[in-house]
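my_file17.cif, holding mmCIF, C-alpha atoms:
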data_data
#
loop_
_atom_site.group_PDB
_atom_site.id
_atom_site.type_symbol
_atom_site.label_atom_id
_atom_site.label_comp_id
_atom_site.auth_asym_id
_atom_site.auth_seq_id
_atom_site.Cartn_x
_atom_site.Cartn_y
_atom_site.Cartn_z
ATOM 1 C CA MET A 1 234.250 21.281 17.637
ATOM 2 C CA GLN A 2 235.854 19.135 14.968
ATOM 3 C CA ILE A 3 238.081 20.312 12.152
ATOM 4 C CA ASP A 4 237.445 18.456 8.913
ATOM 5 C CA LEU A 5 239.711 19.248 5.970
ATOM 6 C CA THR A 6 238.674 16.316 3.820
ATOM 7 C CA GLY A 7 239.420 17.049 0.170
ATOM 8 C CA ARG A 8 241.778 19.939 0.949
ATOM 9 C CA ILE A 9 245.376 20.088 -0.213
ATOM 10 C CA ALA A 10 247.995 21.694 2.025
ATOM 11 C CA LEU A 11 251.613 22.633 1.384
ATOM 12 C CA ILE A 12 253.753 22.788 4.533
ATOM 13 C CA SER A 13 257.344 23.956 4.196
ATOM 14 C CA GLY A 14 259.962 22.533 6.528
ATOM 15 C CA GLY A 15 257.692 19.596 7.282
ATOM 16 C CA SER A 16 260.118 16.814 8.087
ATOM 17 C CA ARG A 17 260.777 17.671 11.740
ATOM 18 C CA GLY A 18 259.627 19.759 14.687
ATOM 19 C CA ILE A 19 256.679 22.111 14.208
ATOM 20 C CA GLY A 20 256.450 21.188 10.526
ATOM 21 C CA ALA A 21 256.149 17.448 11.142
ATOM 22 C CA ALA A 22 253.543 17.997 13.871
ATOM 23 C CA THR A 23 251.585 20.193 11.455
ATOM 24 C CA VAL A 24 251.771 17.594 8.685
ATOM 25 C CA ARG A 25 250.373 14.976 11.062
ATOM 26 C CA MET A 26 247.533 17.211 12.254
ATOM 27 C CA PHE A 27 246.467 18.229 8.761
ATOM 28 C CA ALA A 28 246.496 14.617 7.602
ATOM 29 C CA ALA A 29 244.535 13.536 10.680
ATOM 30 C CA ALA A 30 241.947 16.199 9.804
ATOM 31 C CA GLY A 31 241.525 14.643 6.353
ATOM 32 C CA ALA A 32 243.791 16.836 4.233
ATOM 33 C CA GLN A 33 246.368 15.631 1.753
ATOM 34 C CA VAL A 34 249.736 17.193 2.455
ATOM 35 C CA VAL A 35 252.909 18.007 0.557
ATOM 36 C CA PHE A 36 255.970 19.035 2.541
ATOM 37 C CA ASN A 37 259.596 19.698 1.780
ATOM 38 C CA TYR A 38 262.860 18.707 3.383
ATOM 39 C CA VAL A 39 266.496 19.476 2.650
ATOM 40 C CA ALA A 40 268.845 17.130 4.506
ATOM 41 C CA ALA A 41 266.476 15.128 6.711
ATOM 42 C CA GLN A 42 265.578 12.522 4.109
ATOM 43 C CA ALA A 43 265.248 9.665 6.586
ATOM 44 C CA ALA A 44 262.894 11.680 8.795
ATOM 45 C CA ALA A 45 260.853 12.737 5.762
ATOM 46 C CA GLU A 46 260.511 9.189 4.492
ATOM 47 C CA ALA A 47 259.541 7.933 7.956
ATOM 48 C CA LEU A 48 256.849 10.611 8.214
ATOM 49 C CA VAL A 49 255.382 9.684 4.822
ATOM 50 C CA ALA A 50 255.405 6.000 5.774
ATOM 51 C CA ASP A 51 253.684 6.756 9.063
ATOM 52 C CA VAL A 52 250.992 9.060 7.632
ATOM 53 C CA GLY A 53 250.534 7.137 4.375
ATOM 54 C CA ALA A 54 251.755 7.887 0.865
ATOM 55 C CA GLU A 55 248.204 8.417 -0.396
ATOM 56 C CA ARG A 56 247.814 11.287 2.071
ATOM 57 C CA CYS A 57 251.338 12.658 2.393
ATOM 58 C CA HIS A 58 254.091 13.456 -0.127
ATOM 59 C CA ALA A 59 257.641 14.658 0.547
ATOM 60 C CA VAL A 60 259.700 16.777 -1.858
ATOM 61 C CA ARG A 61 263.387 17.531 -1.533
ATOM 62 C CA CYS A 62 263.640 21.285 -2.067
ATOM 63 C CA ASP A 63 266.195 23.736 -0.703
ATOM 64 C CA LEU A 64 264.129 26.836 0.012
ATOM 65 C CA SER A 65 266.717 29.572 -0.316
ATOM 66 C CA SER A 66 265.251 31.675 -3.123
ATOM 67 C CA ALA A 67 261.951 32.824 -4.570
ATOM 68 C CA ALA A 68 262.479 30.446 -7.492
ATOM 69 C CA ALA A 69 262.658 27.518 -5.073
ATOM 70 C CA GLY A 70 259.273 28.563 -3.702
ATOM 71 C CA GLN A 71 257.830 28.363 -7.198
ATOM 72 C CA GLU A 72 259.310 24.888 -7.628
ATOM 73 C CA LEU A 73 257.717 23.578 -4.440
ATOM 74 C CA VAL A 74 254.274 24.997 -5.218
ATOM 75 C CA ALA A 75 254.430 23.411 -8.669
ATOM 76 C CA ALA A 76 255.357 20.056 -7.117
ATOM 77 C CA ALA A 77 252.393 20.205 -4.751
ATOM 78 C CA VAL A 78 249.934 20.996 -7.536
ATOM 79 C CA ALA A 79 251.428 18.301 -9.751
ATOM 80 C CA ARG A 80 250.981 15.721 -6.992
ATOM 81 C CA PHE A 81 247.437 16.524 -5.825
ATOM 82 C CA GLY A 82 245.965 18.849 -8.468
ATOM 83 C CA ARG A 83 245.231 21.968 -6.432
ATOM 84 C CA LEU A 84 246.302 23.948 -3.359
ATOM 85 C CA ASP A 85 244.020 25.073 -0.537
ATOM 86 C CA ALA A 86 246.454 25.967 2.237
ATOM 87 C CA LEU A 87 250.038 27.142 2.499
ATOM 88 C CA VAL A 88 251.943 26.968 5.783
ATOM 89 C CA ALA A 89 255.321 28.713 5.505
ATOM 90 C CA ASN A 90 257.032 27.082 8.451
ATOM 91 C CA HIS A 91 260.659 26.684 7.368
ATOM 92 C CA GLY A 92 263.443 28.951 8.524
ATOM 93 C CA ILE A 93 266.896 29.131 10.091
ATOM 94 C CA TRP A 94 268.193 30.594 13.347
ATOM 95 C CA VAL A 95 271.926 30.776 14.008
ATOM 96 C CA ALA A 96 272.389 29.486 17.536
ATOM 97 C CA GLU A 97 275.593 31.422 18.202
ATOM 98 C CA ASP A 98 275.216 34.988 19.429
ATOM 99 C CA VAL A 99 276.621 37.447 16.890
ATOM 100 C CA ALA A 100 276.918 41.186 17.517
ATOM 101 C CA ILE A 101 275.766 43.373 14.646
ATOM 102 C CA ASP A 102 279.268 44.756 14.043
ATOM 103 C CA GLN A 103 280.585 41.190 13.797
ATOM 104 C CA MET A 104 277.796 39.696 11.676
ATOM 105 C CA SER A 105 278.979 38.643 8.252
ATOM 106 C CA ASP A 106 277.254 39.733 5.086
ATOM 107 C CA GLU A 107 276.965 36.042 4.237
ATOM 108 C CA GLN A 108 274.998 35.252 7.413
ATOM 109 C CA TRP A 109 272.640 38.168 6.800
ATOM 110 C CA ARG A 110 272.053 37.241 3.160
ATOM 111 C CA ARG A 111 271.534 33.545 3.916
ATOM 112 C CA THR A 112 268.992 34.239 6.666
ATOM 113 C CA MET A 113 267.059 36.614 4.431
ATOM 114 C CA ALA A 114 267.202 34.245 1.449
ATOM 115 C CA ILE A 115 265.739 31.347 3.427
ATOM 116 C CA ASN A 116 263.450 33.153 5.873
ATOM 117 C CA VAL A 117 262.077 35.872 3.565
ATOM 118 C CA ASP A 118 262.892 35.449 -0.130
ATOM 119 C CA SER A 119 261.665 31.865 -0.389
ATOM 120 C CA VAL A 120 258.532 32.726 1.596
ATOM 121 C CA PHE A 121 257.833 35.467 -0.935
ATOM 122 C CA GLY A 122 258.100 32.872 -3.706
ATOM 123 C CA LEU A 123 255.864 30.405 -1.879
ATOM 124 C CA ILE A 124 253.202 33.047 -1.313
ATOM 125 C CA LYS A 125 253.404 34.515 -4.823
ATOM 126 C CA TYR A 126 252.890 31.224 -6.616
ATOM 127 C CA SER A 127 250.447 29.802 -4.071
ATOM 128 C CA VAL A 128 248.239 32.868 -4.442
ATOM 129 C CA ALA A 129 248.353 32.570 -8.235
ATOM 130 C CA GLN A 130 247.203 28.956 -7.960
ATOM 131 C CA MET A 131 244.475 29.761 -5.416
ATOM 132 C CA LYS A 132 243.094 32.516 -7.634
ATOM 133 C CA ARG A 133 242.887 30.143 -10.624
ATOM 134 C CA GLN A 134 240.981 27.329 -8.960
ATOM 135 C CA ALA A 135 237.388 27.016 -7.772
ATOM 136 C CA ARG A 136 236.655 27.987 -4.178
ATOM 137 C CA SER A 137 235.951 25.361 -1.543
ATOM 138 C CA PRO A 138 232.181 24.768 -1.362
ATOM 139 C CA ALA A 139 232.394 24.080 2.383
ATOM 140 C CA SER A 140 233.857 27.482 3.329
ATOM 141 C CA ASN A 141 233.697 29.581 0.139
ATOM 142 C CA ALA A 142 237.374 30.319 0.764
ATOM 143 C CA ALA A 143 239.874 30.363 -2.070
ATOM 144 C CA GLY A 144 242.725 29.532 0.242
ATOM 145 C CA TYR A 145 244.491 29.910 3.567
ATOM 146 C CA ILE A 146 248.031 31.123 4.215
ATOM 147 C CA VAL A 147 249.744 30.895 7.591
ATOM 148 C CA LEU A 148 253.231 32.312 8.080
ATOM 149 C CA VAL A 149 255.227 31.056 11.058
ATOM 150 C CA SER A 150 256.990 34.032 12.622
ATOM 151 C CA SER A 151 258.353 34.377 16.174
ATOM 152 C CA THR A 152 258.284 36.504 19.280
ATOM 153 C CA ALA A 153 261.615 37.796 17.931
ATOM 154 C CA GLY A 154 259.721 39.337 15.026
ATOM 155 C CA GLN A 155 257.693 41.441 17.443
ATOM 156 C CA ARG A 156 260.167 42.542 20.087
ATOM 157 C CA GLY A 157 263.521 41.848 18.417
ATOM 158 C CA GLU A 158 266.281 39.575 19.645
ATOM 159 C CA ALA A 159 269.648 40.915 20.735
ATOM 160 C CA LEU A 160 272.615 39.303 18.972
ATOM 161 C CA HIS A 161 270.272 37.732 16.409
ATOM 162 C CA CYS A 162 269.413 40.788 14.334
ATOM 163 C CA ASP A 163 269.140 38.789 11.113
ATOM 164 C CA TYR A 164 266.572 36.361 12.522
ATOM 165 C CA ALA A 165 264.497 39.073 14.211
ATOM 166 C CA ALA A 166 264.411 41.168 11.041
ATOM 167 C CA SER A 167 263.351 38.206 8.919
ATOM 168 C CA LYS A 168 260.551 37.210 11.275
ATOM 169 C CA GLY A 169 259.368 40.807 11.574
ATOM 170 C CA ALA A 170 259.131 40.875 7.784
ATOM 171 C CA LEU A 171 256.723 37.918 7.866
ATOM 172 C CA ILE A 172 254.462 39.757 10.293
ATOM 173 C CA SER A 173 254.337 42.794 8.005
ATOM 174 C CA MET A 174 253.684 40.535 5.009
ATOM 175 C CA ALA A 175 250.754 38.886 6.788
ATOM 176 C CA LYS A 176 249.205 42.233 7.712
ATOM 177 C CA GLY A 177 249.553 43.719 4.249
ATOM 178 C CA LEU A 178 248.521 40.620 2.320
ATOM 179 C CA SER A 179 245.471 39.993 4.488
ATOM 180 C CA THR A 180 243.827 43.169 3.213
ATOM 181 C CA GLU A 181 245.184 42.762 -0.305
ATOM 182 C CA LEU A 182 243.775 39.253 -0.694
ATOM 183 C CA ALA A 183 240.576 39.403 1.360
ATOM 184 C CA GLY A 184 238.497 40.189 -1.704
ATOM 185 C CA ASP A 185 239.891 37.085 -3.387
ATOM 186 C CA GLY A 186 238.753 34.882 -0.515
ATOM 187 C CA ILE A 187 242.313 34.175 0.640
ATOM 188 C CA TYR A 188 242.942 34.346 4.385
ATOM 189 C CA VAL A 189 246.422 35.348 5.571
ATOM 190 C CA ASN A 190 247.464 34.991 9.195
ATOM 191 C CA CYS A 191 250.617 34.574 11.209
ATOM 192 C CA VAL A 192 251.498 32.311 14.133
ATOM 193 C CA ALA A 193 254.239 33.620 16.417
ATOM 194 C CA PRO A 194 255.798 30.926 18.592
ATOM 195 C CA GLY A 195 258.277 31.552 21.359
ATOM 196 C CA TRP A 196 260.675 28.883 22.539
ATOM 197 C CA VAL A 197 259.632 25.416 21.337
ATOM 198 C CA ALA A 198 261.276 22.041 21.961
ATOM 199 C CA THR A 199 262.682 21.474 18.455
ATOM 200 C CA ASP A 200 266.022 20.579 16.923
ATOM 201 C CA MET A 201 266.603 24.241 16.072
ATOM 202 C CA ALA A 202 266.227 25.300 19.706
ATOM 203 C CA ALA A 203 268.152 22.337 21.131
ATOM 204 C CA PRO A 204 271.620 23.992 21.179
ATOM 205 C CA ALA A 205 270.286 26.667 23.547
ATOM 206 C CA LEU A 206 267.927 24.469 25.564
ATOM 207 C CA ASN A 207 270.648 21.880 26.194
ATOM 208 C CA LYS A 208 272.809 24.402 28.070
ATOM 209 C CA PRO A 209 271.575 24.439 31.707
ATOM 210 C CA ALA A 210 272.314 28.109 32.377
ATOM 211 C CA ILE A 211 270.643 29.297 29.162
ATOM 212 C CA ARG A 212 267.759 26.879 29.675
ATOM 213 C CA LYS A 213 267.063 28.424 33.086
ATOM 214 C CA LEU A 214 267.086 31.930 31.629
ATOM 215 C CA ILE A 215 264.660 30.839 28.921
ATOM 216 C CA PHE A 216 262.264 29.141 31.336
ATOM 217 C CA ASP A 217 262.382 32.157 33.676
ATOM 218 C CA SER A 218 261.375 34.431 30.787
ATOM 219 C CA ILE A 219 258.180 32.481 30.041
ATOM 220 C CA PRO A 220 255.211 33.109 32.384
ATOM 221 C CA LEU A 221 253.983 29.518 31.960
ATOM 222 C CA GLY A 222 257.427 28.325 33.042
ATOM 223 C CA ARG A 223 258.194 25.963 30.189
ATOM 224 C CA VAL A 224 258.798 25.838 26.439
ATOM 225 C CA GLY A 225 256.107 24.811 23.982
ATOM 226 C CA THR A 226 255.721 21.547 22.132
ATOM 227 C CA PRO A 227 255.512 21.308 18.337
ATOM 228 C CA GLU A 228 251.921 20.103 18.655
ATOM 229 C CA GLU A 229 250.987 23.233 20.602
ATOM 230 C CA ILE A 230 252.047 25.322 17.610
ATOM 231 C CA ALA A 231 250.547 23.006 15.000
ATOM 232 C CA GLY A 232 247.087 23.190 16.584
ATOM 233 C CA PRO A 233 246.618 26.946 16.061
ATOM 234 C CA ILE A 234 247.997 26.623 12.514
ATOM 235 C CA LEU A 235 245.383 23.978 11.730
ATOM 236 C CA PHE A 236 242.632 26.130 13.264
ATOM 237 C CA LEU A 237 243.607 29.147 11.141
ATOM 238 C CA CYS A 238 243.276 27.010 7.986
ATOM 239 C CA SER A 239 239.756 25.884 8.845
ATOM 240 C CA PRO A 240 236.247 27.337 8.521
ATOM 241 C CA HIS A 241 236.263 27.866 12.297
ATOM 242 C CA ALA A 242 238.605 30.806 11.605
ATOM 243 C CA GLY A 243 236.263 32.197 8.965
ATOM 244 C CA PHE A 244 236.294 35.760 10.329
ATOM 245 C CA ILE A 245 240.012 35.946 11.116
ATOM 246 C CA THR A 246 242.561 37.431 8.741
ATOM 247 C CA GLY A 247 245.619 39.613 9.297
ATOM 248 C CA GLU A 248 246.017 38.273 12.829
ATOM 249 C CA ILE A 249 249.282 37.636 14.693
ATOM 250 C CA PHE A 250 248.436 34.580 16.789
ATOM 251 C CA ASN A 251 250.837 34.464 19.748
ATOM 252 C CA VAL A 252 251.626 30.948 20.963
ATOM 253 C CA ASN A 253 254.456 31.515 23.392
ATOM 254 C CA GLY A 254 253.315 30.915 26.959
ATOM 255 C CA GLY A 255 252.902 34.648 27.537
ATOM 256 C CA ALA A 256 256.573 35.361 26.833
ATOM 257 C CA VAL A 257 255.913 38.193 24.382
ATOM 258 C CA LEU A 258 254.122 40.098 27.158
ATOM 259 C CA ALA A 259 256.862 39.602 29.720
ATOM 260 C CA GLY A 260 259.920 40.528 27.683
#

Will you turn the file into structure tokens for me?
Amino acid sequence: MQIDLTGRIALISGGSRGIGAATVRMFAAAGAQVVFNYVAAQAAAEALVADVGAERCHAVRCDLSSAAAGQELVAAAVARFGRLDALVANHGIWVAEDVAIDQMSDEQWRRTMAINVDSVFGLIKYSVAQMKRQARSPASNAAGYIVLVSSTAGQRGEALHCDYAASKGALISMAKGLSTELAGDGIYVNCVAPGWVATDMAAPALNKPAIRKLIFDSIPLGRVGTPEEIAGPILFLCSPHAGFITGEIFNVNGGAVLAG
């Protein structure tokens, strides 16, 4: 089975590092042209574009912390490549320090929601508007694909990280509701829910031996995932091979969500 996305345009948020960068590489390798955003990691973004090729990959500096920022990024993608066939909402923040609910600041709560939920709303809203305006892909008869990157925390919660768990649970509910809303328009909406993955965001926890052991012990497969192991299912869900899948929460977490 080969996945061929030749002629497709994908927008991948948070694409400069980790899961996002692995997803950019996989989409480009499958023939797609990709736009991704970064905030501070300019050097990593430029290196990724140079590696993949500027004719196939385009980086945009965009701080996704509001719905308006989502509109800006969608517009940049369409301006660069002329259309939009797939949206992968991968960006997000997780505060590494444990914070009890009665100690959590209003600022932390608002910032997590602004980045993890509000900007995703904007990305989806304006991506859907673009997908509805353009002709459907002749290869799949799909108007577009949307994949939201959630987390095991969005399904079972995460103590001392209430803001993150709530934001990722919101993405799961969005995927379920939008999948039925947009099915008649030929737009597929799914969600990938990773567990622990070896990324910069997880590094503060994984680099502490005691916490690392607790994490590994909580995963039936006995290890954390790689960015490529998350990117693969995302790519699949944006392909004709997933032509009868919408509204699905695709768990990619080594069985951790079943053992917690």

message: Taking 2 positions as the minimum chain separation for residues in the same chain, which residues sit within 6 Å of segment 189-194 of chain A when counting only C-alpha atoms? Answer as a count of residues only.
response: 17

task: For the point (240.2, 30.5, 3.2) in the file's frame, write as a ChimeraX atom specification all residues with an atom no more than 10 Å away, counting all atoms listed in the file.
output: /A:85-86,131,136-137,140-146,183,185-189,237-240,242-246

- prompt: Do you know which residues are at most 8 Å from Trp94 of chain A counting only C-alpha atoms, after dropping those on the same chain fewer than 3 positions away, and could you put them as a ChimeraX atom specification?
  reply: /A:112,164,201

task: May I have the residues at most 12 Å from (254.1, 28.1, 30.2) in the file's coordinates, counting all atoms listed in the file, as JSON, numbers by chain?
output: {"A": [195, 196, 197, 215, 216, 217, 218, 219, 220, 221, 222, 223, 224, 225, 226, 229, 252, 253, 254, 255, 256, 257, 259]}

task: Check which residues satisfy the PyMOL selection byres ((chain A and resi 73) around 10) in the file shown, then give them as an MDAnalysis selection string.
output: chainID A and resid 11:13 35:37 60:64 68:72 74:79 122:123 126:127

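Compared by their closest atoms to Glu228 of chain A, and using only C-alpha atoms, the residues A:Ala170, A:Ala135, A:Ala198, A:Ala28 rank with A:Ala198 nearest.
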
Output check: residues returned by the PyMOL selection byres ((chain A and resi 100) around 8), as number ranges by chain: A: 98-99, 101-104, 159-161

- request: For atom CA of Gly177 of chain A and atom CA of Ile3 of chain A, quote the distance in Å rounded to one decimal.
  value: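 Distance reported for this atom pair: 27.2 Å.
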
Using the file's own x, y and z axes, what box holds all listed atoms of segment 59-68 of chain A with 8 Å on each side, keeping edges along x, y and z, and what are its centre and edge lengths in Å to one decimal, as lines of an AutoDock Vina configuration file?
center_x = 262.2
center_y = 23.7
center_z = -3.5
size_x = 25.1
size_y = 34.2
size_z = 24.0

Selection near Gln2 of chain A, 10 Å with only C-alpha atoms, sequence-local residues under 3 positions removed, as a PyMOL selection string: chain A and resi 5+30+236+239+241

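Take atom CA of Ala231 of chain A and atom CA of Gly15 of chain A: the distance between them is 11.1 Å.
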
Repaired coordinates for segment 174-206 of chain A (N, CA and C atoms) as a PDB file, keeping the file's coordinate frame:
ATOM      1  N   MET A 174     254.265  41.150   6.199  1.00  0.00           N
ATOM      2  CA  MET A 174     253.684  40.535   5.009  1.00  0.00           C
ATOM      3  C   MET A 174     252.266  40.045   5.299  1.00  0.00           C
ATOM      4  N   ALA A 175     252.079  39.402   6.442  1.00  0.00           N
ATOM      5  CA  ALA A 175     250.754  38.886   6.788  1.00  0.00           C
ATOM      6  C   ALA A 175     249.739  40.018   6.915  1.00  0.00           C
ATOM      7  N   LYS A 176     250.130  41.106   7.531  1.00  0.00           N
ATOM      8  CA  LYS A 176     249.205  42.233   7.712  1.00  0.00           C
ATOM      9  C   LYS A 176     248.836  42.863   6.371  1.00  0.00           C
ATOM     10  N   GLY A 177     249.831  43.095   5.540  1.00  0.00           N
ATOM     11  CA  GLY A 177     249.553  43.719   4.249  1.00  0.00           C
ATOM     12  C   GLY A 177     248.789  42.811   3.304  1.00  0.00           C
ATOM     13  N   LEU A 178     249.166  41.552   3.248  1.00  0.00           N
ATOM     14  CA  LEU A 178     248.521  40.620   2.320  1.00  0.00           C
ATOM     15  C   LEU A 178     247.107  40.270   2.748  1.00  0.00           C
ATOM     16  N   SER A 179     246.827  40.323   4.032  1.00  0.00           N
ATOM     17  CA  SER A 179     245.471  39.993   4.488  1.00  0.00           C
ATOM     18  C   SER A 179     244.440  40.941   3.884  1.00  0.00           C
ATOM     19  N   THR A 180     244.768  42.220   3.812  1.00  0.00           N
ATOM     20  CA  THR A 180     243.827  43.169   3.213  1.00  0.00           C
ATOM     21  C   THR A 180     243.878  43.104   1.689  1.00  0.00           C
ATOM     22  N   GLU A 181     245.049  42.867   1.147  1.00  0.00           N
ATOM     23  CA  GLU A 181     245.184  42.762  -0.305  1.00  0.00           C
ATOM     24  C   GLU A 181     244.378  41.600  -0.877  1.00  0.00           C
ATOM     25  N   LEU A 182     244.353  40.484  -0.155  1.00  0.00           N
ATOM     26  CA  LEU A 182     243.775  39.253  -0.694  1.00  0.00           C
ATOM     27  C   LEU A 182     242.394  38.909  -0.141  1.00  0.00           C
ATOM     28  N   ALA A 183     241.883  39.715   0.767  1.00  0.00           N
ATOM     29  CA  ALA A 183     240.576  39.403   1.360  1.00  0.00           C
ATOM     30  C   ALA A 183     239.481  39.311   0.304  1.00  0.00           C
ATOM     31  N   GLY A 184     239.512  40.202  -0.660  1.00  0.00           N
ATOM     32  CA  GLY A 184     238.497  40.189  -1.704  1.00  0.00           C
ATOM     33  C   GLY A 184     238.579  38.970  -2.608  1.00  0.00           C
ATOM     34  N   ASP A 185     239.715  38.304  -2.600  1.00  0.00           N
ATOM     35  CA  ASP A 185     239.891  37.085  -3.387  1.00  0.00           C
ATOM     36  C   ASP A 185     239.535  35.833  -2.594  1.00  0.00           C
ATOM     37  N   GLY A 186     239.114  36.026  -1.339  1.00  0.00           N
ATOM     38  CA  GLY A 186     238.753  34.882  -0.515  1.00  0.00           C
ATOM     39  C   GLY A 186     239.942  34.135   0.046  1.00  0.00           C
ATOM     40  N   ILE A 187     241.097  34.794   0.110  1.00  0.00           N
ATOM     41  CA  ILE A 187     242.313  34.175   0.640  1.00  0.00           C
ATOM     42  C   ILE A 187     242.622  34.781   2.004  1.00  0.00           C
ATOM     43  N   TYR A 188     242.666  33.925   3.012  1.00  0.00           N
ATOM     44  CA  TYR A 188     242.942  34.346   4.385  1.00  0.00           C
ATOM     45  C   TYR A 188     244.445  34.286   4.636  1.00  0.00           C
ATOM     46  N   VAL A 189     244.989  35.316   5.266  1.00  0.00           N
ATOM     47  CA  VAL A 189     246.422  35.348   5.571  1.00  0.00           C
ATOM     48  C   VAL A 189     246.604  35.696   7.043  1.00  0.00           C
ATOM     49  N   ASN A 190     247.204  34.776   7.777  1.00  0.00           N
ATOM     50  CA  ASN A 190     247.464  34.991   9.195  1.00  0.00           C
ATOM     51  C   ASN A 190     248.879  34.570   9.531  1.00  0.00           C
ATOM     52  N   CYS A 191     249.269  34.849  10.757  1.00  0.00           N
ATOM     53  CA  CYS A 191     250.617  34.574  11.209  1.00  0.00           C
ATOM     54  C   CYS A 191     250.563  33.939  12.595  1.00  0.00           C
ATOM     55  N   VAL A 192     251.330  32.900  12.809  1.00  0.00           N
ATOM     56  CA  VAL A 192     251.498  32.311  14.133  1.00  0.00           C
ATOM     57  C   VAL A 192     252.885  32.676  14.628  1.00  0.00           C
ATOM     58  N   ALA A 193     252.962  33.169  15.864  1.00  0.00           N
ATOM     59  CA  ALA A 193     254.239  33.620  16.417  1.00  0.00           C
ATOM     60  C   ALA A 193     254.604  32.792  17.645  1.00  0.00           C
ATOM     61  N   PRO A 194     255.348  31.719  17.445  1.00  0.00           N
ATOM     62  CA  PRO A 194     255.798  30.926  18.592  1.00  0.00           C
ATOM     63  C   PRO A 194     256.903  31.639  19.370  1.00  0.00           C
ATOM     64  N   GLY A 195     257.085  31.191  20.596  1.00  0.00           N
ATOM     65  CA  GLY A 195     258.277  31.552  21.359  1.00  0.00           C
ATOM     66  C   GLY A 195     259.217  30.366  21.325  1.00  0.00           C
ATOM     67  N   TRP A 196     259.791  30.040  22.468  1.00  0.00           N
ATOM     68  CA  TRP A 196     260.675  28.883  22.539  1.00  0.00           C
ATOM     69  C   TRP A 196     259.874  27.596  22.443  1.00  0.00           C
ATOM     70  N   VAL A 197     260.305  26.691  21.554  1.00  0.00           N
ATOM     71  CA  VAL A 197     259.632  25.416  21.337  1.00  0.00           C
ATOM     72  C   VAL A 197     260.695  24.313  21.345  1.00  0.00           C
ATOM     73  N   ALA A 198     260.342  23.166  21.870  1.00  0.00           N
ATOM     74  CA  ALA A 198     261.276  22.041  21.961  1.00  0.00           C
ATOM     75  C   ALA A 198     261.468  21.407  20.579  1.00  0.00           C
ATOM     76  N   THR A 199     262.378  21.968  19.799  1.00  0.00           N
ATOM     77  CA  THR A 199     262.682  21.474  18.455  1.00  0.00           C
ATOM     78  C   THR A 199     264.192  21.324  18.297  1.00  0.00           C
ATOM     79  N   ASP A 200     264.593  20.724  17.199  1.00  0.00           N
ATOM     80  CA  ASP A 200     266.022  20.579  16.923  1.00  0.00           C
ATOM     81  C   ASP A 200     266.705  21.938  16.812  1.00  0.00           C
ATOM     82  N   MET A 201     265.997  22.928  16.250  1.00  0.00           N
ATOM     83  CA  MET A 201     266.603  24.241  16.072  1.00  0.00           C
ATOM     84  C   MET A 201     266.910  24.900  17.413  1.00  0.00           C
ATOM     85  N   ALA A 202     266.037  24.684  18.397  1.00  0.00           N
ATOM     86  CA  ALA A 202     266.227  25.300  19.706  1.00  0.00           C
ATOM     87  C   ALA A 202     267.134  24.482  20.620  1.00  0.00           C
ATOM     88  N   ALA A 203     267.408  23.241  20.256  1.00  0.00           N
ATOM     89  CA  ALA A 203     268.152  22.337  21.131  1.00  0.00           C
ATOM     90  C   ALA A 203     269.506  22.871  21.586  1.00  0.00           C
ATOM     91  N   PRO A 204     270.315  23.515  20.714  1.00  0.00           N
ATOM     92  CA  PRO A 204     271.620  23.992  21.179  1.00  0.00           C
ATOM     93  C   PRO A 204     271.516  24.947  22.374  1.00  0.00           C
ATOM     94  N   ALA A 205     270.470  25.764  22.413  1.00  0.00           N
ATOM     95  CA  ALA A 205     270.286  26.667  23.547  1.00  0.00           C
ATOM     96  C   ALA A 205     269.662  25.942  24.733  1.00  0.00           C
ATOM     97  N   LEU A 206     268.645  25.128  24.477  1.00  0.00           N
ATOM     98  CA  LEU A 206     267.927  24.469  25.564  1.00  0.00           C
ATOM     99  C   LEU A 206     268.773  23.412  26.268  1.00  0.00           C
TER     100      LEU A 206
END
